[in-house]
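Single-structure report; data block below.
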Amino acid sequence: MWPLPDLYLLEMVAASFLGLWSIWGNGSRLSALQGILSWVVVGFLFGFVIIGSFSIGIWFMPAAVLFAIASILSNIRKGDNLVVHLCIGLAAVLAQAFLMFALIRLYT
């Protein structure tokens, strides 16, 4: 089971960099993808916080909240549909939870 914590932390770092790019990036061709990607990152972080709250997950709560605020402000600035992006974030939470449970089941 030893590679799992390392993989989770690497996933959180990679997702955070993708979220940073999606919020700060201003590519006109990729703006729809960047809006979706920022909410996927929010979902992954909140999924990790919820499922990993028994150990290290709770320490990612400030990052998840800040990414959520930044994504909401980005949606307002771009005029995107917030409800659709919240649903995408919820789907990402469920995907992250499924991934975490599947990997734990696989390694134990």
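Chain labels A, B, ... are given in the sequence in which chains occur in the structure tokens; within each chain residues are numbered consecutively from 1, and ligands are likewise numbered from 1 in the order shown.
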
Hey, could you make a per-residue contact list for range 38-86 of chain A against range 5-11 of chain A with 10 Å as the cut-off, showing the nearest pair of atoms and its distance in Å to one decimal, counting only C-alpha atoms, sorted by chain and number, as a Markdown table?
| residue | atom | partner | partner_atom | distance |
| --- | --- | --- | --- | --- |
| A:Phe44 | CA | A:Glu11 | CA | 9.0 |
| A:Leu45 | CA | A:Glu11 | CA | 9.5 |
| A:Phe48 | CA | A:Tyr8 | CA | 8.3 |
| A:Gly52 | CA | A:Tyr8 | CA | 9.6 |
| A:Ile56 | CA | A:Pro5 | CA | 9.3 |
| A:Gly57 | CA | A:Leu9 | CA | 9.7 |

Near Phe46 in chain A, within 7 Å and counting only C-alpha atoms, which residues show up once chain neighbours fewer than 4 positions away are dropped, as a VMD selection string? chain A and resid 42 50 64 93

Which residues are close to Asp80 in chain A, i.e. within 9 Å by only C-alpha atoms, leaving aside same-chain residues fewer than 5 positions away? Reply as JSON, numbers by chain. {"A": [32, 35, 74, 75, 85]}

Would you mind reading off the distance between CA of Ala68 in chain A and CA of Leu37 in chain A, one decimal, in Å? 11.9 Å

Filtered DSSP result for chain A, state alpha helix (DSSP H), as a ChimeraX atom specification: /A:3-24,31-51,61-78,82-107

Using only C-alpha atoms for the distances, tell me which of A:Leu99, A:Ile104, A:Ala92, A:Cys87 is nearest to Gly43 in chain A.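 Distance minimum relative to Gly43 in chain A lands on A:Ala92.
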
Using only C-alpha atoms, the residue out of A:Val41, A:Pro62, A:Leu103, A:Ala14 with shortest distance to Gly89 in chain A is A:Val41

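For the residues A:Val40, A:Ser31, A:Met12, A:Leu20, ranking by smallest atom-to-atom distance to Gly79 in chain A using only C-alpha atoms places A:Ser31 first.
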
How far is it from CA of Gln96 in chain A to CA of Val49 in chain A, in Å with one decimal? 10.1 Å
